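K.L.:
I am sharing protein-v6.txt, which consists of compact mmCIF, C-alpha atoms:
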```txt
# COMPACT_ATOMS: atom_id res chain seq x y z
CA MET U 1 -19.90 -28.60 0.21
CA LYS U 2 -21.19 -25.19 1.25
CA VAL U 3 -22.65 -26.59 4.47
CA LEU U 4 -19.37 -28.36 5.22
CA GLY U 5 -17.46 -25.13 4.69
CA LEU U 6 -19.82 -23.27 6.99
CA ILE U 7 -19.44 -25.91 9.71
CA ILE U 8 -15.63 -25.77 9.44
CA ALA U 9 -15.64 -21.97 9.54
CA ILE U 10 -17.94 -21.87 12.59
CA LEU U 11 -15.87 -24.52 14.41
CA THR U 12 -12.58 -22.74 13.70
CA GLY U 13 -14.04 -19.37 14.69
CA GLY U 14 -15.46 -20.87 17.88
CA LEU U 15 -12.09 -22.41 18.75
CA LEU U 16 -10.32 -19.10 18.13
CA ILE U 17 -12.80 -17.19 20.29
CA TYR U 18 -12.44 -19.88 22.98
CA ALA U 19 -8.65 -19.46 22.82
CA THR U 20 -8.89 -15.73 23.49
CA VAL U 21 -10.07 -16.56 27.02
CA ASP U 22 -6.47 -17.54 27.80
CA PHE U 23 -5.11 -14.21 26.61
CA PRO U 24 -3.88 -11.76 29.23
CA ALA U 25 -6.18 -8.80 29.81
CA TRP U 26 -5.85 -5.86 27.44
CA ALA U 27 -2.90 -3.57 28.37
CA ASP U 28 -1.95 -5.80 31.30
CA PRO U 29 1.57 -4.76 32.43
CA ALA U 30 2.13 -8.18 34.00
CA SER U 31 1.41 -10.13 30.80
CA PRO U 32 4.34 -12.21 29.46
CA ALA U 33 4.64 -10.07 26.34
CA SER U 34 5.17 -6.94 28.45
CA MET U 35 7.69 -8.53 30.84
CA HIS U 36 10.49 -9.57 28.54
CA VAL U 37 12.01 -6.93 26.23
CA SER U 38 9.25 -4.32 26.18
CA PRO U 39 10.49 -2.47 29.30
CA HIS U 40 13.91 -2.19 27.70
CA TYR U 41 12.45 -0.63 24.54
CA ILE U 42 10.17 1.71 26.48
CA GLU U 43 12.90 2.93 28.84
CA LYS U 44 16.00 2.90 26.64
CA THR U 45 14.80 3.83 23.12
CA MET U 46 15.23 7.56 23.63
CA GLU U 47 18.79 7.35 24.98
CA GLU U 48 19.92 4.60 22.59
CA THR U 49 18.49 5.88 19.31
CA SER U 50 17.10 9.38 20.07
CA VAL U 51 13.85 8.46 18.32
CA PRO U 52 10.72 9.52 20.23
CA ASN U 53 8.41 7.12 18.39
CA ILE U 54 9.25 3.74 19.91
CA VAL U 55 7.37 1.85 17.18
CA THR U 56 9.62 3.29 14.47
CA ALA U 57 12.76 2.50 16.48
CA VAL U 58 11.67 -1.11 17.07
CA LEU U 59 10.59 -1.55 13.44
CA ALA U 60 13.65 -0.15 11.72
CA ASP U 61 16.43 -0.53 14.29
CA TYR U 62 15.90 -3.21 16.94
CA ARG U 63 13.96 -5.43 14.55
CA GLY U 64 15.53 -4.08 11.37
CA TYR U 65 16.23 -7.52 10.00
CA ASP U 66 12.48 -8.38 9.97
CA THR U 67 11.61 -5.14 8.23
CA MET U 68 14.28 -5.74 5.59
CA PHE U 69 12.66 -9.01 4.63
CA GLU U 70 9.19 -7.44 4.76
CA THR U 71 10.46 -5.01 2.15
CA ALA U 72 11.85 -7.93 0.17
CA VAL U 73 8.41 -9.60 0.36
CA ILE U 74 6.77 -6.47 -1.08
CA PHE U 75 9.38 -6.42 -3.85
CA ALA U 76 8.66 -10.09 -4.53
CA ALA U 77 4.91 -9.36 -4.67
CA GLY U 78 5.47 -6.73 -7.32
CA VAL U 79 7.69 -9.00 -9.38
CA ALA U 80 5.22 -11.90 -9.01
CA CYS U 81 2.32 -9.74 -10.26
CA PHE U 82 4.47 -8.69 -13.21
CA LEU U 83 5.44 -12.28 -14.08
CA LEU U 84 1.86 -13.56 -13.72
CA LEU U 85 -0.03 -10.81 -15.52
CA ARG U 86 2.23 -9.08 -18.02
CA ILE U 87 1.44 -9.77 -21.67
CA PHE U 88 3.58 -8.25 -24.37
CA LEU U 89 1.27 -7.28 -27.25
CA ARG U 90 2.58 -8.29 -30.65
CA ASP U 91 0.12 -6.48 -32.93
CA ALA U 92 -2.24 -3.56 -32.57
CA PRO U 93 -5.80 -4.14 -31.27
CA GLU U 94 -8.83 -4.48 -33.58
CA GLU U 95 -10.05 -0.95 -33.13
CA ARG U 96 -9.21 2.19 -31.24
CA LEU U 97 -11.38 5.06 -30.07
CA TYR U 98 -10.44 8.71 -30.33
CA ARG U 99 -12.19 11.76 -29.00
CA HIS U 100 -12.17 15.10 -30.75
CA VAL U 101 -11.19 17.44 -27.96
CA LEU U 102 -13.11 20.51 -29.12
CA THR U 103 -16.46 18.94 -29.99
CA GLY U 104 -16.45 15.78 -27.86
CA VAL U 105 -17.25 13.60 -30.87
CA THR U 106 -15.89 10.07 -30.56
CA ILE U 107 -14.56 8.32 -33.63
CA ARG U 108 -13.63 4.67 -34.07
CA ILE U 109 -10.69 3.65 -36.20
CA LYS U 110 -10.50 0.03 -37.33
CA LYS U 111 -7.24 -1.83 -37.61
CA GLY U 112 -5.30 -0.55 -40.62
CA GLY U 113 -7.07 2.80 -40.68
CA ARG U 114 -5.29 5.94 -39.70
CA LEU U 115 -6.16 9.05 -37.79
CA PRO U 116 -6.59 12.38 -39.61
CA ASP U 117 -3.48 14.54 -39.33
CA SER U 118 -4.55 16.70 -36.42
CA ASP U 119 -3.55 17.28 -32.80
CA ASP U 120 -7.16 17.64 -31.71
CA PHE U 121 -7.73 13.92 -31.15
CA ASP U 122 -7.26 12.21 -27.79
CA ARG U 123 -7.05 8.44 -27.60
CA ILE U 124 -9.62 6.98 -25.19
CA ASP U 125 -10.20 3.51 -23.78
CA THR U 126 -12.65 1.18 -25.49
CA LEU U 127 -14.05 -0.23 -22.24
CA TRP U 128 -14.48 2.79 -20.06
CA THR U 129 -14.30 6.37 -21.21
CA PRO U 130 -14.61 8.86 -18.37
CA HIS U 131 -14.45 12.48 -19.31
CA ASP U 132 -15.18 14.59 -16.30
CA LEU U 133 -13.67 18.03 -15.97
CA ILE U 134 -14.46 18.35 -12.25
CA ILE U 135 -12.83 15.05 -11.27
CA LYS U 136 -9.79 15.73 -13.41
CA THR U 137 -9.25 19.24 -12.08
CA ILE U 138 -9.79 18.33 -8.43
CA SER U 139 -7.44 15.35 -8.73
CA ARG U 140 -4.78 17.46 -10.39
CA LEU U 141 -5.06 19.99 -7.56
CA LEU U 142 -5.00 17.33 -4.84
CA ILE U 143 -2.17 15.11 -6.08
CA PRO U 144 0.72 17.46 -5.13
CA PHE U 145 -0.62 17.79 -1.60
CA ILE U 146 -1.07 14.03 -1.29
CA GLN U 147 2.53 13.53 -2.39
CA LEU U 148 3.74 16.21 0.01
CA PHE U 149 1.87 14.45 2.82
CA GLY U 150 3.44 11.13 1.79
CA LEU U 151 6.92 12.63 2.00
CA TYR U 152 6.04 14.14 5.38
CA VAL U 153 4.85 10.78 6.67
CA ILE U 154 8.14 9.14 5.63
CA ALA U 155 10.35 11.91 7.01
CA HIS U 156 8.39 12.49 10.21
CA GLY U 157 8.11 8.81 11.15
CA HIS U 158 10.60 9.43 13.97
CA HIS U 159 8.23 11.71 15.85
CA SER U 160 4.71 10.78 14.80
CA PRO U 161 2.92 7.67 13.54
CA GLY U 162 4.06 6.79 10.08
CA GLY U 163 7.16 5.67 8.28
CA GLY U 164 8.26 4.09 5.07
CA PHE U 165 5.33 1.73 4.56
CA GLN U 166 2.56 4.25 5.08
CA GLY U 167 4.32 7.08 3.28
CA GLY U 168 5.17 4.82 0.35
CA VAL U 169 1.56 3.70 0.07
CA ILE U 170 0.36 7.32 0.11
CA LEU U 171 2.86 8.27 -2.62
CA GLY U 172 1.79 5.26 -4.68
CA ALA U 173 -1.88 6.12 -4.15
CA SER U 174 -1.33 9.60 -5.57
CA ILE U 175 -0.15 8.09 -8.86
CA ILE U 176 -3.03 5.60 -8.79
CA LEU U 177 -5.41 8.56 -8.33
CA LEU U 178 -3.87 10.10 -11.45
CA ALA U 179 -4.43 6.85 -13.34
CA ILE U 180 -8.07 6.65 -12.21
CA SER U 181 -9.01 10.28 -12.78
CA TYR U 182 -7.28 10.55 -16.16
CA ASP U 183 -6.41 7.21 -17.70
CA LEU U 184 -3.68 4.62 -17.45
CA ARG U 185 -1.62 6.10 -20.26
CA THR U 186 -1.31 9.44 -18.44
CA ALA U 187 0.09 7.64 -15.40
CA LEU U 188 2.37 5.58 -17.63
CA ARG U 189 3.75 8.75 -19.21
CA ARG U 190 4.63 10.04 -15.73
CA ILE U 191 6.16 6.82 -14.42
CA ARG U 192 7.07 4.21 -16.97
CA GLU U 193 7.13 0.49 -16.30
CA LYS U 194 10.92 0.38 -16.36
CA VAL U 195 11.09 3.10 -13.68
CA ASP U 196 8.71 1.07 -11.51
CA ALA U 197 10.85 -2.03 -11.80
CA ILE U 198 14.09 -0.18 -11.09
CA LEU U 199 12.71 1.80 -8.12
CA CYS U 200 11.26 -1.41 -6.70
CA ALA U 201 14.73 -2.93 -6.54
CA VAL U 202 16.48 0.31 -5.54
CA GLY U 203 14.51 0.51 -2.28
CA VAL U 204 15.52 -2.99 -1.20
CA PHE U 205 19.06 -2.20 -2.30
CA ILE U 206 19.18 0.93 -0.12
CA TYR U 207 17.99 -1.08 2.88
CA ALA U 208 20.29 -4.06 2.42
CA GLY U 209 23.13 -1.77 1.32
CA THR U 210 22.89 0.22 4.56
CA GLY U 211 23.16 -3.05 6.45
CA ALA U 212 26.12 -4.17 4.35
CA LEU U 213 27.82 -0.81 4.84
CA CYS U 214 27.62 -1.29 8.61
CA LEU U 215 29.13 -4.74 8.10
CA LEU U 216 31.98 -3.27 6.03
CA LEU U 217 32.71 -0.73 8.76
CA GLY U 218 33.28 -3.56 11.22
CA PHE U 219 29.94 -3.55 13.05
CA ASN U 220 27.01 -5.95 13.01
CA PHE U 221 24.61 -6.08 10.05
CA LEU U 222 22.14 -3.15 10.30
CA ASP U 223 23.87 -1.70 13.37
CA TYR U 224 23.47 1.92 12.32
CA SER U 225 25.87 3.27 14.97
CA ALA U 226 28.58 2.22 12.50
CA LEU U 227 27.48 5.12 10.28
CA ALA U 228 28.71 7.62 12.89
CA SER U 229 32.15 7.81 11.25
CA ILE U 230 30.64 8.51 7.81
CA LEU U 231 27.96 10.96 8.88
CA HIS U 232 30.26 12.70 11.42
CA VAL U 233 27.74 12.50 14.25
CA ASP U 234 27.70 10.64 17.54
CA PRO U 235 26.56 6.97 17.44
CA VAL U 236 23.12 7.70 18.93
CA THR U 237 22.26 10.28 16.26
CA ALA U 238 23.73 7.93 13.66
CA ARG U 239 21.15 5.31 14.63
CA SER U 240 18.41 7.91 14.20
CA HIS U 241 19.75 8.84 10.75
CA GLY U 242 20.18 5.18 9.81
CA ILE U 243 16.49 4.63 10.56
CA LEU U 244 15.61 7.52 8.23
CA ILE U 245 17.79 6.04 5.44
CA VAL U 246 16.16 2.62 5.60
CA GLU U 247 12.68 4.19 5.87
CA ILE U 248 13.37 6.03 2.62
CA GLY U 249 14.37 2.71 1.05
CA VAL U 250 11.15 1.08 2.28
CA GLY U 251 9.12 4.03 1.01
CA ILE U 252 10.64 3.82 -2.49
CA THR U 253 10.00 0.08 -2.75
CA VAL U 254 6.43 0.29 -1.46
CA MET U 255 5.56 3.23 -3.73
CA ALA U 256 6.94 1.57 -6.87
CA THR U 257 5.36 -1.79 -6.05
CA MET U 258 1.89 -0.32 -5.47
CA ILE U 259 2.00 1.53 -8.79
CA TRP U 260 3.38 -1.51 -10.59
CA ILE U 261 0.76 -3.91 -9.21
CA TYR U 262 -2.00 -1.44 -10.02
CA LYS U 263 -0.85 -1.01 -13.62
CA ASN U 264 -0.63 -4.76 -14.15
CA LEU U 265 -4.05 -5.36 -12.57
CA ALA U 266 -5.91 -2.51 -14.23
CA SER U 267 -4.68 -3.26 -17.74
CA THR U 268 -4.51 -7.08 -17.32
CA GLY U 269 -0.83 -6.82 -18.17
CA LYS U 270 -1.30 -5.20 -21.60
CA TYR U 271 -0.43 -1.63 -20.53
CA ASP U 272 -2.63 -0.50 -23.37
CA GLU U 273 -5.74 0.75 -21.68
CA GLY U 274 -7.11 0.35 -18.20
CA LEU U 275 -9.12 1.77 -15.33
CA MET S 1 -11.45 2.75 25.88
CA ILE S 2 -15.19 3.44 25.79
CA TRP S 3 -16.96 0.10 25.67
CA GLN S 4 -20.12 1.40 23.95
CA LEU S 5 -18.06 2.75 21.05
CA ASP S 6 -16.00 -0.44 20.98
CA LEU S 7 -19.14 -2.59 20.81
CA ALA S 8 -20.68 -0.48 18.05
CA ILE S 9 -17.54 -0.69 15.90
CA LEU S 10 -17.12 -4.43 16.54
CA THR S 11 -20.73 -4.98 15.45
CA LEU S 12 -20.06 -3.00 12.28
CA VAL S 13 -16.93 -5.08 11.64
CA VAL S 14 -18.96 -8.30 11.86
CA ILE S 15 -21.73 -6.88 9.66
CA CYS S 16 -19.21 -5.73 7.03
CA GLY S 17 -17.45 -9.10 7.10
CA ILE S 18 -20.64 -11.11 6.68
CA GLY S 19 -21.89 -8.65 4.06
CA ALA S 20 -18.68 -8.92 2.04
CA ILE S 21 -19.00 -12.69 1.68
CA THR S 22 -22.75 -12.83 1.07
CA VAL S 23 -23.29 -9.98 -1.37
CA LYS S 24 -23.53 -11.05 -5.02
CA ASP S 25 -22.15 -7.86 -6.52
CA LEU S 26 -18.35 -8.08 -6.41
CA LEU S 27 -17.91 -4.30 -6.54
CA GLY S 28 -20.15 -4.04 -3.50
CA ALA S 29 -18.07 -6.72 -1.78
CA ALA S 30 -14.88 -4.75 -2.50
CA ILE S 31 -16.38 -1.60 -1.00
CA LEU S 32 -17.64 -3.55 2.02
CA PHE S 33 -14.07 -4.82 2.48
CA GLY S 34 -12.90 -1.22 2.46
CA ALA S 35 -15.47 -0.34 5.13
CA TYR S 36 -14.35 -3.40 7.12
CA SER S 37 -10.72 -2.22 6.95
CA PHE S 38 -11.71 1.24 8.06
CA MET S 39 -13.61 -0.13 11.05
CA MET S 40 -10.55 -2.22 11.95
CA CYS S 41 -8.46 0.95 11.67
CA LEU S 42 -10.77 2.66 14.17
CA LEU S 43 -10.44 -0.33 16.50
CA TRP S 44 -6.64 -0.15 16.35
CA SER S 45 -6.65 3.54 17.16
CA ILE S 46 -9.08 2.97 20.06
CA MET S 47 -6.56 0.46 21.45
CA GLY S 48 -3.78 3.03 21.09
CA ALA S 49 -1.88 1.30 18.26
CA VAL S 50 -1.72 4.41 16.12
CA ASP S 51 1.00 3.13 13.76
CA VAL S 52 -0.94 -0.05 12.98
CA SER S 53 -4.07 2.03 12.55
CA PHE S 54 -2.32 4.28 10.05
CA THR S 55 -1.06 1.27 8.08
CA GLU S 56 -4.53 -0.28 8.09
CA ALA S 57 -6.07 2.97 6.84
CA SER S 58 -3.56 3.43 4.02
CA VAL S 59 -2.97 -0.17 2.95
CA GLY S 60 -6.19 -1.94 3.98
CA ALA S 61 -8.83 0.69 3.36
CA GLY S 62 -6.97 2.58 0.63
CA VAL S 63 -4.81 0.70 -1.79
CA SER S 64 -6.16 -2.84 -1.41
CA THR S 65 -9.71 -1.61 -2.09
CA VAL S 66 -8.42 0.01 -5.28
CA PHE S 67 -6.72 -3.27 -6.23
CA PHE S 68 -9.99 -5.16 -5.66
CA ILE S 69 -11.89 -2.66 -7.79
CA ALA S 70 -9.26 -2.90 -10.56
CA ALA S 71 -9.56 -6.68 -10.48
CA VAL S 72 -13.39 -6.52 -10.58
CA PHE S 73 -13.19 -4.05 -13.46
CA ARG S 74 -11.18 -6.56 -15.46
CA THR S 75 -13.26 -9.66 -14.59
CA THR S 76 -17.01 -9.94 -14.08
CA ARG S 77 -19.10 -7.77 -11.87
CA ARG S 78 -21.34 -10.55 -10.50
CA THR S 79 -20.19 -13.64 -8.66
CA LYS S 80 -21.00 -17.06 -10.13
CA ASP S 81 -21.82 -18.92 -6.87
```
Just give me the structure of the file as structure tokens.
P.N.:
Amino acid sequence: MKVLGLIIAILTGGLLIYATVDFPAWADPASPASMHVSPHYIEKTMEETSVPNIVTAVLADYRGYDTMFETAVIFAAGVACFLLLRIFLRDAPEERLYRHVLTGVTIRIKKGGRLPDSDDFDRIDTLWTPHDLIIKTISRLLIPFIQLFGLYVIAHGHHSPGGGFQGGVILGASIILLAISYDLRTALRRIREKVDAILCAVGVFIYAGTGALCLLLGFNFLDYSALASILHVDPVTARSHGILIVEIGVGITVMATMIWIYKNLASTGKYDEGL
Amino acid sequence: MIWQLDLAILTLVVICGIGAITVKDLLGAAILFGAYSFMMCLLWSIMGAVDVSFTEASVGAGVSTVFFIAAVFRTTRRTKD
């Protein structure tokens, strides 16, 4: 079976490499892909949408319909992970570990036992109990800057590489860093599961709602120049602003989905303890 | 595009790919996948596709590696086959 798999993989790979011979040369201006609509995007993007980064304009404006469903796919991925992995615990686990903050002594409390009345005890995970001052402090210092950078990437997608997807992933990664450097419960206290689920849907709603708003104003679906009358700007600037609105929607969905998937994966759906 | 740099990165991509499927330690495989994604990110930026490169760096090398590690943490560290 292994040999058969290897043969199939080598044959498929060989065929794929053979097929690349037919490709046009890299960056060939006469290749079919560069002849059709690309010149229009390259020449007209600035005057039609006033967005210097052509990739962002194509992604969120000219091909906005594709991006809307990409966002819906990410939302569906988050919901699928939730439905597959989430387990609602009915009773408390067999034992729990607590650490005395001042002395570092760990105590184990069996089911039915109770903790001494004191605020000095921190609950810790049974599987993996990191307690590293340096990692915790550095992460706590870094997380605000990571989040600031994520917001910058979303907001500055018009002028530089970036946009909703990348910025949302960076924002989500900052919360995941919090969950790794502290523990899952700290991250859960910051962003609860319900918030994840709601934000996940809100992002898609912002995107599709912007499209529907354009429809209501008598234009095509996702034709942001319709927003000119609401935003009190000229249609070209309205397209630029419309791109920013949908990028924010994408960012919210991606951020919430990344955090949600991570929480489900790291705690195997129990939300009790995890990486 | 400097072809020497291109060749070096392509070689590293192939090495990381083969390493990721042959190594027995699943945590090692996850980290090799992260290295693979990062090499792909460098390739994209060499070809001038900066947006794709940024996505690859954040999604491929960043978050998906973390997801792999979270999954390995919750299953077994060593592969059965």
K.L.:
Using all atoms listed in the file, find each residue in chain S having at least one atom no more than 10 Å away from chain U; report its shortest atom-to-atom pair and that distance in Å (one decimal), rows by chain then rising number, as a Markdown table.
P.N.:
```
| residue | atom | partner | partner_atom | distance |
| --- | --- | --- | --- | --- |
| S:Met47 | CA | U:Trp26 | CA | 8.7 |
| S:Gly48 | CA | U:Ala27 | CA | 9.9 |
| S:Ala49 | CA | U:Pro161 | CA | 9.3 |
| S:Val50 | CA | U:Pro161 | CA | 6.2 |
| S:Asp51 | CA | U:Pro161 | CA | 4.9 |
| S:Val52 | CA | U:Pro161 | CA | 8.6 |
| S:Ser53 | CA | U:Pro161 | CA | 9.0 |
| S:Phe54 | CA | U:Gly162 | CA | 6.9 |
| S:Thr55 | CA | U:Gln166 | CA | 5.6 |
| S:Glu56 | CA | U:Gln166 | CA | 8.9 |
| S:Ala57 | CA | U:Gln166 | CA | 8.9 |
| S:Ser58 | CA | U:Gln166 | CA | 6.3 |
| S:Val59 | CA | U:Val169 | CA | 6.6 |
| S:Gly62 | CA | U:Ala173 | CA | 7.8 |
| S:Val63 | CA | U:Ala173 | CA | 6.6 |
| S:Ser64 | CA | U:Met258 | CA | 9.4 |
| S:Val66 | CA | U:Tyr262 | CA | 8.1 |
| S:Phe67 | CA | U:Tyr262 | CA | 6.3 |
| S:Phe68 | CA | U:Leu265 | CA | 9.1 |
| S:Ile69 | CA | U:Ala266 | CA | 8.8 |
| S:Ala70 | CA | U:Ala266 | CA | 5.0 |
| S:Ala71 | CA | U:Leu265 | CA | 6.0 |
| S:Val72 | CA | U:Ala266 | CA | 9.2 |
| S:Phe73 | CA | U:Leu275 | CA | 7.3 |
| S:Arg74 | CA | U:Ala266 | CA | 6.8 |
| S:Thr75 | CA | U:Thr268 | CA | 9.5 |
```
K.L.:
Next, write the just-selected residues to a file, as an mmCIF file, in the coordinates of the input, keeping C-alpha atoms as the atom set.
P.N.:
```
data_model
loop_
_atom_site.group_PDB
_atom_site.id
_atom_site.type_symbol
_atom_site.label_atom_id
_atom_site.label_comp_id
_atom_site.auth_asym_id
_atom_site.auth_seq_id
_atom_site.Cartn_x
_atom_site.Cartn_y
_atom_site.Cartn_z
ATOM 1 C CA MET S 47 -6.560 0.460 21.450
ATOM 2 C CA GLY S 48 -3.780 3.030 21.090
ATOM 3 C CA ALA S 49 -1.880 1.300 18.260
ATOM 4 C CA VAL S 50 -1.720 4.410 16.120
ATOM 5 C CA ASP S 51 1.000 3.130 13.760
ATOM 6 C CA VAL S 52 -0.940 -0.050 12.980
ATOM 7 C CA SER S 53 -4.070 2.030 12.550
ATOM 8 C CA PHE S 54 -2.320 4.280 10.050
ATOM 9 C CA THR S 55 -1.060 1.270 8.080
ATOM 10 C CA GLU S 56 -4.530 -0.280 8.090
ATOM 11 C CA ALA S 57 -6.070 2.970 6.840
ATOM 12 C CA SER S 58 -3.560 3.430 4.020
ATOM 13 C CA VAL S 59 -2.970 -0.170 2.950
ATOM 14 C CA GLY S 62 -6.970 2.580 0.630
ATOM 15 C CA VAL S 63 -4.810 0.700 -1.790
ATOM 16 C CA SER S 64 -6.160 -2.840 -1.410
ATOM 17 C CA VAL S 66 -8.420 0.010 -5.280
ATOM 18 C CA PHE S 67 -6.720 -3.270 -6.230
ATOM 19 C CA PHE S 68 -9.990 -5.160 -5.660
ATOM 20 C CA ILE S 69 -11.890 -2.660 -7.790
ATOM 21 C CA ALA S 70 -9.260 -2.900 -10.560
ATOM 22 C CA ALA S 71 -9.560 -6.680 -10.480
ATOM 23 C CA VAL S 72 -13.390 -6.520 -10.580
ATOM 24 C CA PHE S 73 -13.190 -4.050 -13.460
ATOM 25 C CA ARG S 74 -11.180 -6.560 -15.460
ATOM 26 C CA THR S 75 -13.260 -9.660 -14.590
#
```
K.L.:
Pick from U:Ser31, U:Ser240, U:Thr106, U:Ser174: nearest to Ile124 (chain U), with all atoms listed in the file counted?
P.N.:
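Counting all atoms listed in the file, the residue closest to Ile124 (chain U) is U:Thr106.
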K.L.:
Using Å and a single decimal, report how far CA of Tyr182 (chain U) sits from CA of His131 (chain U).
P.N.:
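These atoms are spaced 8.1 Å apart.
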K.L.:
Please determine, counting only C-alpha atoms, which residue among S:Arg77, S:Ile15, S:Ile2, S:Thr65 has the shortest atom-to-atom distance to Met39 (chain S).
P.N.:
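Closest residue, counting only C-alpha atoms: S:Ile15.
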K.L.:
Just want the 8 Å neighbourhood of Ile245 (chain U), counted on only C-alpha atoms, with same-chain residues fewer than 6 positions away dropped. Output as JSON, numbers by chain.
P.N.:
{"U": [206, 207, 210]}
K.L.:
Could you tell me how far CA of His36 (chain U) lies from CA of Ile154 (chain U), in Å and to one decimal?
P.N.:
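Taking CA of His36 (chain U) and CA of Ile154 (chain U), their separation equals 29.7 Å.
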K.L.:
Would you kindly place N, CA and C atoms on region 36-53 of chain S and return the model as a CSV table (one decimal), keeping the file's coordinate frame?
P.N.:
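Full text of out-v3.csv as output:
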```
chain,number,residue,atom,x,y,z
S,36,TYR,N,-14.8,-2.5,6.1
S,36,TYR,CA,-14.4,-3.4,7.1
S,36,TYR,C,-13.0,-3.0,7.6
S,37,SER,N,-12.1,-2.6,6.6
S,37,SER,CA,-10.7,-2.2,7.0
S,37,SER,C,-10.7,-0.9,7.7
S,38,PHE,N,-11.7,0.0,7.4
S,38,PHE,CA,-11.7,1.2,8.1
S,38,PHE,C,-12.2,1.1,9.5
S,39,MET,N,-13.2,0.1,9.7
S,39,MET,CA,-13.6,-0.1,11.0
S,39,MET,C,-12.5,-0.7,11.9
S,40,MET,N,-11.7,-1.6,11.3
S,40,MET,CA,-10.6,-2.2,12.0
S,40,MET,C,-9.6,-1.1,12.3
S,41,CYS,N,-9.4,-0.2,11.4
S,41,CYS,CA,-8.5,1.0,11.7
S,41,CYS,C,-8.9,1.7,12.9
S,42,LEU,N,-10.2,2.0,13.0
S,42,LEU,CA,-10.8,2.7,14.2
S,42,LEU,C,-10.5,1.9,15.4
S,43,LEU,N,-10.7,0.5,15.3
S,43,LEU,CA,-10.4,-0.3,16.5
S,43,LEU,C,-9.0,-0.2,17.0
S,44,TRP,N,-8.1,-0.3,16.0
S,44,TRP,CA,-6.6,-0.2,16.4
S,44,TRP,C,-6.4,1.2,17.1
S,45,SER,N,-7.0,2.3,16.5
S,45,SER,CA,-6.6,3.5,17.2
S,45,SER,C,-7.3,3.7,18.5
S,46,ILE,N,-8.5,3.0,18.7
S,46,ILE,CA,-9.1,3.0,20.1
S,46,ILE,C,-8.1,2.3,21.0
S,47,MET,N,-7.5,1.2,20.6
S,47,MET,CA,-6.6,0.5,21.4
S,47,MET,C,-5.2,1.1,21.6
S,48,GLY,N,-5.0,2.3,20.9
S,48,GLY,CA,-3.8,3.0,21.1
S,48,GLY,C,-2.7,2.6,20.2
S,49,ALA,N,-2.9,1.7,19.2
S,49,ALA,CA,-1.9,1.3,18.3
S,49,ALA,C,-2.0,2.2,17.0
S,50,VAL,N,-1.5,3.4,17.2
S,50,VAL,CA,-1.7,4.4,16.1
S,50,VAL,C,-1.0,4.1,14.8
S,51,ASP,N,0.2,3.5,15.0
S,51,ASP,CA,1.0,3.1,13.8
S,51,ASP,C,0.3,2.0,13.0
S,52,VAL,N,-0.2,1.0,13.7
S,52,VAL,CA,-0.9,0.0,13.0
S,52,VAL,C,-2.2,0.5,12.3
S,53,SER,N,-2.9,1.4,13.1
S,53,SER,CA,-4.1,2.0,12.6
S,53,SER,C,-3.8,2.8,11.3
```
